[in-house]
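One structure is given below, encoded as C-alpha cells.
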Amino acid sequence: MKADSKLARTLAAGNFAVTAECGPPQGADPQPIKDKASLIKDTVDAVNVTDNQTAVVRLSSLASAVVLKRMGLEPVLQMVTRDRNRIALQSDLLGAAALGIENVLCLTGDHQSFGNQKNARGVFDLDSIQLVHTAKAMRDDGVLVDGTELESSPALFIGAAANPFADPLGFRVIRLAKKVSAGADFIQTQCIYHNARFEEWLTQAREEGLTEKVYILGGVTPFKSARMAKYMKENVAGMDVPDDLLDRIKGVPSKNQAAEGIKMAVETIQWLKSLKGVAGLHLMAIGWEEKVPEILEAAGLTPRPEV
Amino acid sequence: MIVGDKKPLAEIRDSLGSARRIIVVGCETCVAECAAGGRKEVALMASALRIAFEKAGEKAEIIESSLDRQCVYQFLPEVGEEVASADAVLSLACGAGVQAMARFYPESIILPGLNTQFIGTTVEAGIWVEDCSGCGDCKLAFFAAVCPITRCSKRLLNGPCGGSSQGKCEVSPDVDCAWQLIYDRLSTLNLLDRLKAFVPANNWSTSHSGRPRTIIREDRQV
C-alpha cells in the first residue's frame with residue numbers, strides 16, 4: 001500500500017509541495033539536526049534526511065529521521081546504495097516503515113572517494129533504480145527482491161532523484177522513465193541553475209507522459225556568496241552553473257551577495273511554479289536552514305496548506 | 001592480460017627481511033606484456049636490489065630467472081634448483097603466479113614484487129586500462145561491449161548517475177564515463193532502445209563476492 005504521508009497527500013491534492021533538507025551531524029548528539037529542524041518546522045511539508053551525504057560519516061539517516069518525526073516533522077528518508085547491500089537496504093526499509101517513516105528517497109550516492117572514508121569499499125550491490133524497484137515490490141507485492149514473501153509489507157511513498165544537467169542529455173529522460181516504471185512516486189531534482197536545460201528536460205518528460213505519472217519537485221539551492229557559486233560550478237559533481245548566474249552574484253558587493261543569492265533562489269522558485277509538470281519544490285539550503293522560512297515566504301509558499 | 005606494476009623498492013626490501021640469497025623470477029606472459037614482470041624487468045629489479053644492498057653495505061646474491069608462465073605448474077620445475085638454494089623468491093608474476101609458486105614450493109619463502117592491478121588492455125604505448133572484473137556472468141553482449149561493472153565507478157546497470165559530465169566520471173576527469181561510452185556505442189549501432197530496459201538486481205554470486213571460485217572440467221581432467 002502506498003503510504004498516506006503528508007507529502008503524498010499534499011501532492012495528490014494538487015498543492016505545490018515543499019520539501020527541504022536537513023543533513024545529520026558528524027556526531028552522536030542529535031541536537032544540531034533538531035536545531036535545523038526547528039528552524040523549518042511548519043514551513044515545509046516534509047524534510048529530507050540525507051544519508052551520509054558526500055560519503056562523509058554522519059548520524060544515520062534512519063535514526064535522524066526518527067528524531068525529526070518525534071519533533072512532529074515529516075521525514076523523507078534518503079537511502080544510498082553505496083554503503084549497504086540488498087540485505088541491509090531491505091531490512092532498513094522494513095525498519096523505517098516499522099518506525100513510521102513513510103517517504104523514502106532511493107539514491108545511488110556520491111562515490112566514496114569524495115568523502116572522509118576514501119579507503120572504504122563501495123558496495124553498489126543495487127543501483128538506485130533497482131532500489132526503487134525493490135521498494136515497490138516490497139510494498140505492492142509483499143516480496144523481497146528475490147521473490148521471498150514478507151510477513152507484512154511496508155507502506156511507502158517512494159522517491160528517486162533526477163539530474164537533468166548530467167550527460168548524456170539524450171539519456172536523462174530515458175533514465176527518468178526507468179525510475180518511474182520501476183516505481184518512483186515522486187522525483188526530486190538536482191539543484192537547478194541552468195533553467196533552459198531544465199525546461200528542455202521537462203518538455204521531453206512531458207512529451208513522454210512522465211509528468212502525469214510522477215510528481216516532480218524541482219531542486220533549488222540558494223547561493224550564500226559568489227565564492228559558493230564558484231565552488232558549486234567547479235567542484236560539485238553533476239552541477240551546472242551557467243556563467244551569467246555566476247557573473248550576477250559576483251557583480252554585487254560581498255556584503256550583499258547573500259541577499260542576492262536569496263533573491264535569485266526566489267526567482268527560480270517563482271519560475272518553477274509557472275512550469276507545467278512541476279509539482280513542487282525541493283529546497284536545499286545547505287547549512288543555511290534559517291533562511292528557509294524567509295525564502296518560502298518571499299516565494300508565496302507559506303503557510304503550508306493543511307491536508 | 002593481467003596488468004601489474006612494480007612494488008616500491010623499500011617495501012620489497014622490507015619484505016625480504018634477512019634473506020640475502022634471492023632469486024627474482026619473472027613471468028613471460030601478461031606481466032611481460034605490460035612491462036612489469038618480464039625478463040627485462042627482472043634484470044632491472046635485480047640491479048636495483050644489488051645497488052640497494054651495496055649502498056647499505058650488505059652482501060647479497062641476486063639470481064635472475066624467468067618462466068613462461070608462473071600460473072601453470074608444468075613450467076615451475078625449471079627454477080627448482082635455484083629456488084631450493086635461495087633464502088627467498090621474489091616473484092614478478094601476478095598474484096596467481098606468486099601463489100602457484102607457493103603451492104608448488106611449499107618450503108620456500110615466496111614474495112610478490114608486483115602489485116597485481118586488473119584484467120586490462122594496452123590502449124596505447126605505456127597506458128593500460130581496466131576492462132574486466134571477471135564477474136563470472138559476462139554482460140558485454142547487452143552493453144555493446146563496454147562493461148559497466150568494471151568501467152563504471154559505481155557498477156551501475158541502469159544508466160549513468162548524475163555525475164556523468166562531458167564524457168567523464170564524477171570520480172576523476174581521468175576516468176571515462178562508461179555509460180557515455182555505452183550510450184555512444186549503442187547509438188552508433190542503432191540500438192539505443194536497449195537502454196530503456198530495466199536491468200534487475202545483479203547476481204553477484206557468480207563473482208568473487210560469492211566465494212573464491214573454482215572451475216572443474218571433467219573433459220580436461222586426467
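Numbering starts fresh at 1 for the residues of each chain in the C-alpha cells, the chains themselves are lettered A, B, ... in the order given, and ligands are numbered from 1 as they appear.
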
Can you check which residues of chain A have any atom within 9 Å of chain B? Use only C-alpha atoms and format it as a ChimeraX atom specification. /A:82,86,108-114,122-131,133-134,145-146,161-168,170-172,174-175,177-178,181-182,190,236-239

Could you please take those selected residues and save C-alpha atoms as a PDB file, in the first residue's frame?
ATOM      1  CA  ARG A  82      26.822   2.963  -1.848  1.00  0.00           C
ATOM      2  CA  ARG A  86      20.371  -5.507  -0.561  1.00  0.00           C
ATOM      3  CA  THR A 108      22.992   5.589  -5.536  1.00  0.00           C
ATOM      4  CA  GLY A 109      25.004   8.161  -3.581  1.00  0.00           C
ATOM      5  CA  ASP A 110      28.172  10.112  -4.186  1.00  0.00           C
ATOM      6  CA  HIS A 111      31.219   7.960  -4.747  1.00  0.00           C
ATOM      7  CA  GLN A 112      33.135   7.095  -1.575  1.00  0.00           C
ATOM      8  CA  SER A 113      36.225   8.866  -2.909  1.00  0.00           C
ATOM      9  CA  PHE A 114      34.529  12.229  -2.224  1.00  0.00           C
ATOM     10  CA  GLY A 122      31.881   0.938  -2.198  1.00  0.00           C
ATOM     11  CA  VAL A 123      29.023  -1.550  -2.034  1.00  0.00           C
ATOM     12  CA  PHE A 124      26.807  -0.695  -5.028  1.00  0.00           C
ATOM     13  CA  ASP A 125      25.100  -4.089  -4.827  1.00  0.00           C
ATOM     14  CA  LEU A 126      21.975  -2.418  -6.233  1.00  0.00           C
ATOM     15  CA  ASP A 127      21.708   0.810  -8.186  1.00  0.00           C
ATOM     16  CA  SER A 128      19.142   3.466  -7.361  1.00  0.00           C
ATOM     17  CA  ILE A 129      16.644   2.199  -9.941  1.00  0.00           C
ATOM     18  CA  GLN A 130      16.923  -1.332  -8.618  1.00  0.00           C
ATOM     19  CA  LEU A 131      16.343   0.036  -5.108  1.00  0.00           C
ATOM     20  CA  HIS A 133      12.056  -1.417  -7.909  1.00  0.00           C
ATOM     21  CA  THR A 134      12.826  -3.371  -4.743  1.00  0.00           C
ATOM     22  CA  VAL A 145      13.979  -8.563  -4.460  1.00  0.00           C
ATOM     23  CA  ASP A 146      14.474 -12.313  -4.909  1.00  0.00           C
ATOM     24  CA  ALA A 161      16.358  11.709  -7.864  1.00  0.00           C
ATOM     25  CA  ALA A 162      16.943  13.099 -11.321  1.00  0.00           C
ATOM     26  CA  ASN A 163      19.757  15.224 -12.647  1.00  0.00           C
ATOM     27  CA  PRO A 164      18.620  16.937 -15.839  1.00  0.00           C
ATOM     28  CA  PHE A 165      22.063  18.533 -16.150  1.00  0.00           C
ATOM     29  CA  ALA A 166      24.245  15.459 -16.334  1.00  0.00           C
ATOM     30  CA  ASP A 167      25.308  13.780 -19.554  1.00  0.00           C
ATOM     31  CA  PRO A 168      24.419  12.233 -21.889  1.00  0.00           C
ATOM     32  CA  GLY A 170      19.708  12.073 -24.547  1.00  0.00           C
ATOM     33  CA  PHE A 171      19.671   9.535 -21.752  1.00  0.00           C
ATOM     34  CA  ARG A 172      18.301  11.745 -18.984  1.00  0.00           C
ATOM     35  CA  ILE A 174      15.067   7.642 -20.548  1.00  0.00           C
ATOM     36  CA  ARG A 175      16.541   7.311 -17.083  1.00  0.00           C
ATOM     37  CA  ALA A 177      11.235   6.938 -17.401  1.00  0.00           C
ATOM     38  CA  LYS A 178      13.047   3.920 -15.989  1.00  0.00           C
ATOM     39  CA  SER A 181       8.343   2.483 -14.339  1.00  0.00           C
ATOM     40  CA  ALA A 182      10.457   0.951 -11.569  1.00  0.00           C
ATOM     41  CA  GLN A 190      19.399  18.231  -8.730  1.00  0.00           C
ATOM     42  CA  VAL A 236      30.416  19.704  -7.138  1.00  0.00           C
ATOM     43  CA  ALA A 237      29.688  16.647  -9.245  1.00  0.00           C
ATOM     44  CA  GLY A 238      26.687  16.942 -11.521  1.00  0.00           C
ATOM     45  CA  MET A 239      26.222  20.703 -11.066  1.00  0.00           C
TER      46      MET A 239
END

Excluding B:Glu81 and any residue of its chain fewer than 4 positions from it, enumerate the residues within 12 Å of it, using only C-alpha atoms, and give them as a ChimeraX atom specification. /B:23,63,65,76-77,85-86,89,105,108

For atom CA of A:Glu306 and atom CA of A:Phe186, quote the distance in Å rounded to one decimal.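 These atoms are spaced 19.8 Å apart.
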
Write out, as a Markdown table, each residue of stretch 269-296 of chain A that has an atom at most 12 Å from stretch 48-71 of chain A, together with the closest pair of atoms and their distance in Å to one decimal, counting only C-alpha atoms, rows going by chain and rising number.
| residue | atom | partner | partner_atom | distance |
| --- | --- | --- | --- | --- |
| A:His282 | CA | A:Asn48 | CA | 8.9 |
| A:Leu283 | CA | A:Asn48 | CA | 9.7 |
| A:Met284 | CA | A:Asn48 | CA | 9.0 |
| A:Ala285 | CA | A:Asn48 | CA | 11.5 |
| A:Ile286 | CA | A:Thr50 | CA | 11.1 |

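Non-sequential neighbours of A:Leu93 (distance at most 10 Å, separation of 6 or more positions within a chain, only C-alpha atoms) are Leu62, Leu77, Met79, Leu99, Ile101, Glu102, Val104, Thr134, Ala135, Met138, Arg139, Ser153, Pro154, Ala155 and Leu156 of chain A.
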
Just the number, please: distance in Å from atom CA of A:Lys263 to atom CA of A:Leu301, one decimal.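 Separating atom CA of A:Lys263 from atom CA of A:Leu301 is a distance of 14.7 Å.
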
Could you check how far atom CA of A:Phe157 sits from atom CA of A:Ala298, in Å to one decimal?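 Computing the Euclidean distance for atom CA of A:Phe157 and atom CA of A:Ala298 yields 29.0 Å.
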
Leaving out B:Ile62 and any residue of its chain fewer than 2 positions from it, which residues lie within 8 Å of it when counting only C-alpha atoms, given as a PyMOL selection string? chain B and resi 20-24+46+49-50+60+64

Go through A:Asn85, A:Leu73, A:Gln31, A:Leu176 and flag the residue nearest B:Ser209, using only C-alpha atoms for the distances. A:Asn85

Stretch 43-181 of chain B: which residues are helix (DSSP H, G or I) by DSSP, as a PyMOL selection string? chain B and resi 43-55+73-85+95-104+148-151+178-181

Based on the selection just made, write N, CA and C atoms of those residues as a CSV table (one decimal), in the first residue's frame.
chain,number,residue,atom,x,y,z
B,43,ALA,N,65.7,-8.1,-14.8
B,43,ALA,CA,67.1,-7.6,-14.8
B,43,ALA,C,67.2,-6.2,-14.1
B,44,LEU,N,66.1,-5.4,-14.3
B,44,LEU,CA,66.1,-4.1,-13.7
B,44,LEU,C,65.9,-4.2,-12.2
B,45,MET,N,65.1,-5.1,-11.8
B,45,MET,CA,64.8,-5.3,-10.4
B,45,MET,C,66.1,-5.9,-9.7
B,46,ALA,N,66.7,-6.8,-10.3
B,46,ALA,CA,67.9,-7.4,-9.7
B,46,ALA,C,69.0,-6.3,-9.5
B,47,SER,N,69.2,-5.5,-10.5
B,47,SER,CA,70.2,-4.4,-10.4
B,47,SER,C,69.8,-3.5,-9.3
B,48,ALA,N,68.5,-3.1,-9.2
B,48,ALA,CA,68.1,-2.2,-8.2
B,48,ALA,C,68.4,-2.8,-6.8
B,49,LEU,N,68.1,-4.1,-6.7
B,49,LEU,CA,68.4,-4.7,-5.4
B,49,LEU,C,69.9,-4.8,-5.0
B,50,ARG,N,70.7,-5.1,-6.1
B,50,ARG,CA,72.1,-5.2,-5.8
B,50,ARG,C,72.6,-3.8,-5.4
B,51,ILE,N,72.2,-2.8,-6.0
B,51,ILE,CA,72.6,-1.4,-5.7
B,51,ILE,C,72.2,-1.1,-4.2
B,52,ALA,N,70.9,-1.4,-4.0
B,52,ALA,CA,70.4,-1.1,-2.6
B,52,ALA,C,71.2,-1.8,-1.5
B,53,PHE,N,71.5,-3.1,-1.7
B,53,PHE,CA,72.2,-3.9,-0.7
B,53,PHE,C,73.6,-3.3,-0.6
B,54,GLU,N,74.2,-3.0,-1.7
B,54,GLU,CA,75.6,-2.5,-1.7
B,54,GLU,C,75.6,-1.1,-0.9
B,55,LYS,N,74.7,-0.3,-1.2
B,55,LYS,CA,74.6,1.0,-0.6
B,55,LYS,C,74.5,0.9,0.9
B,73,TYR,N,51.7,-25.0,-13.4
B,73,TYR,CA,52.7,-25.8,-12.6
B,73,TYR,C,53.7,-26.4,-13.5
B,74,GLN,N,53.4,-26.8,-14.8
B,74,GLN,CA,54.3,-27.5,-15.6
B,74,GLN,C,55.6,-26.7,-15.9
B,75,PHE,N,55.5,-25.4,-15.8
B,75,PHE,CA,56.7,-24.6,-16.1
B,75,PHE,C,57.5,-24.4,-14.9
B,76,LEU,N,57.0,-24.7,-13.7
B,76,LEU,CA,57.7,-24.3,-12.5
B,76,LEU,C,59.0,-25.1,-12.1
B,77,PRO,N,59.1,-26.4,-12.4
B,77,PRO,CA,60.3,-27.1,-12.1
B,77,PRO,C,61.5,-26.5,-12.6
B,78,GLU,N,61.4,-25.8,-13.7
B,78,GLU,CA,62.6,-25.1,-14.3
B,78,GLU,C,63.5,-24.4,-13.3
B,79,VAL,N,62.8,-23.8,-12.3
B,79,VAL,CA,63.6,-23.0,-11.4
B,79,VAL,C,63.8,-23.7,-10.0
B,80,GLY,N,63.5,-25.0,-10.0
B,80,GLY,CA,63.6,-25.8,-8.8
B,80,GLY,C,64.9,-25.7,-8.0
B,81,GLU,N,66.0,-25.8,-8.7
B,81,GLU,CA,67.3,-25.8,-8.0
B,81,GLU,C,67.6,-24.5,-7.4
B,82,GLU,N,67.3,-23.4,-8.2
B,82,GLU,CA,67.6,-22.1,-7.7
B,82,GLU,C,66.7,-21.7,-6.5
B,83,VAL,N,65.4,-22.2,-6.6
B,83,VAL,CA,64.5,-21.9,-5.5
B,83,VAL,C,65.0,-22.6,-4.2
B,84,ALA,N,65.4,-23.8,-4.4
B,84,ALA,CA,65.9,-24.6,-3.2
B,84,ALA,C,67.1,-24.0,-2.6
B,85,SER,N,67.9,-23.3,-3.4
B,85,SER,CA,69.2,-22.8,-2.9
B,85,SER,C,69.0,-21.3,-2.3
B,95,GLY,N,49.4,-12.1,-8.9
B,95,GLY,CA,49.1,-12.8,-7.6
B,95,GLY,C,48.8,-14.3,-7.8
B,96,ALA,N,48.4,-14.7,-9.0
B,96,ALA,CA,48.2,-16.1,-9.2
B,96,ALA,C,49.5,-16.8,-9.3
B,97,GLY,N,50.4,-16.1,-10.1
B,97,GLY,CA,51.8,-16.7,-10.2
B,97,GLY,C,52.5,-16.9,-8.9
B,98,VAL,N,52.4,-15.9,-8.1
B,98,VAL,CA,53.0,-15.9,-6.7
B,98,VAL,C,52.5,-17.1,-5.9
B,99,GLN,N,51.1,-17.3,-6.0
B,99,GLN,CA,50.5,-18.3,-5.2
B,99,GLN,C,50.7,-19.7,-5.8
B,100,ALA,N,50.8,-19.7,-7.1
B,100,ALA,CA,51.2,-21.0,-7.7
B,100,ALA,C,52.6,-21.5,-7.3
B,101,MET,N,53.5,-20.5,-7.3
B,101,MET,CA,54.8,-20.8,-6.8
B,101,MET,C,54.8,-21.3,-5.4
B,102,ALA,N,54.0,-20.7,-4.5
B,102,ALA,CA,54.0,-21.0,-3.1
B,102,ALA,C,53.4,-22.4,-2.9
B,103,ARG,N,52.4,-22.7,-3.8
B,103,ARG,CA,51.8,-24.1,-3.7
B,103,ARG,C,52.8,-25.1,-4.1
B,104,PHE,N,53.6,-24.8,-5.2
B,104,PHE,CA,54.5,-25.7,-5.8
B,104,PHE,C,55.7,-25.9,-4.9
B,148,PRO,N,29.9,-2.2,-17.8
B,148,PRO,CA,29.6,-1.2,-16.7
B,148,PRO,C,30.0,-1.7,-15.4
B,149,ILE,N,30.1,-3.0,-15.2
B,149,ILE,CA,30.5,-3.5,-13.9
B,149,ILE,C,32.0,-3.1,-13.6
B,150,THR,N,32.8,-3.1,-14.6
B,150,THR,CA,34.2,-2.8,-14.5
B,150,THR,C,34.5,-1.3,-14.7
B,151,ARG,N,33.8,-0.7,-15.6
B,151,ARG,CA,34.2,0.6,-16.1
B,151,ARG,C,33.4,1.8,-15.5
B,178,ALA,N,31.7,5.3,-18.3
B,178,ALA,CA,31.4,4.0,-19.0
B,178,ALA,C,30.0,4.2,-19.7
B,179,TRP,N,29.1,4.8,-19.0
B,179,TRP,CA,27.8,4.9,-19.6
B,179,TRP,C,27.7,5.9,-20.8
B,180,GLN,N,28.6,6.9,-20.8
B,180,GLN,CA,28.7,7.7,-22.0
B,180,GLN,C,29.2,6.8,-23.2
B,181,LEU,N,30.1,5.9,-22.9
B,181,LEU,CA,30.7,5.1,-23.9
B,181,LEU,C,29.6,4.1,-24.4

If you run DSSP over the backbone, which residues in stretch 56-180 of chain A end up strand (DSSP E)? Put them as a list in words. Pro75, Val76, Leu77, Gln78, Met79, Val80, Asn103, Val104, Leu105, Cys106, Leu107, Phe157, Ile158, Gly159, Ala160, Ala161 and Ala162 of chain A
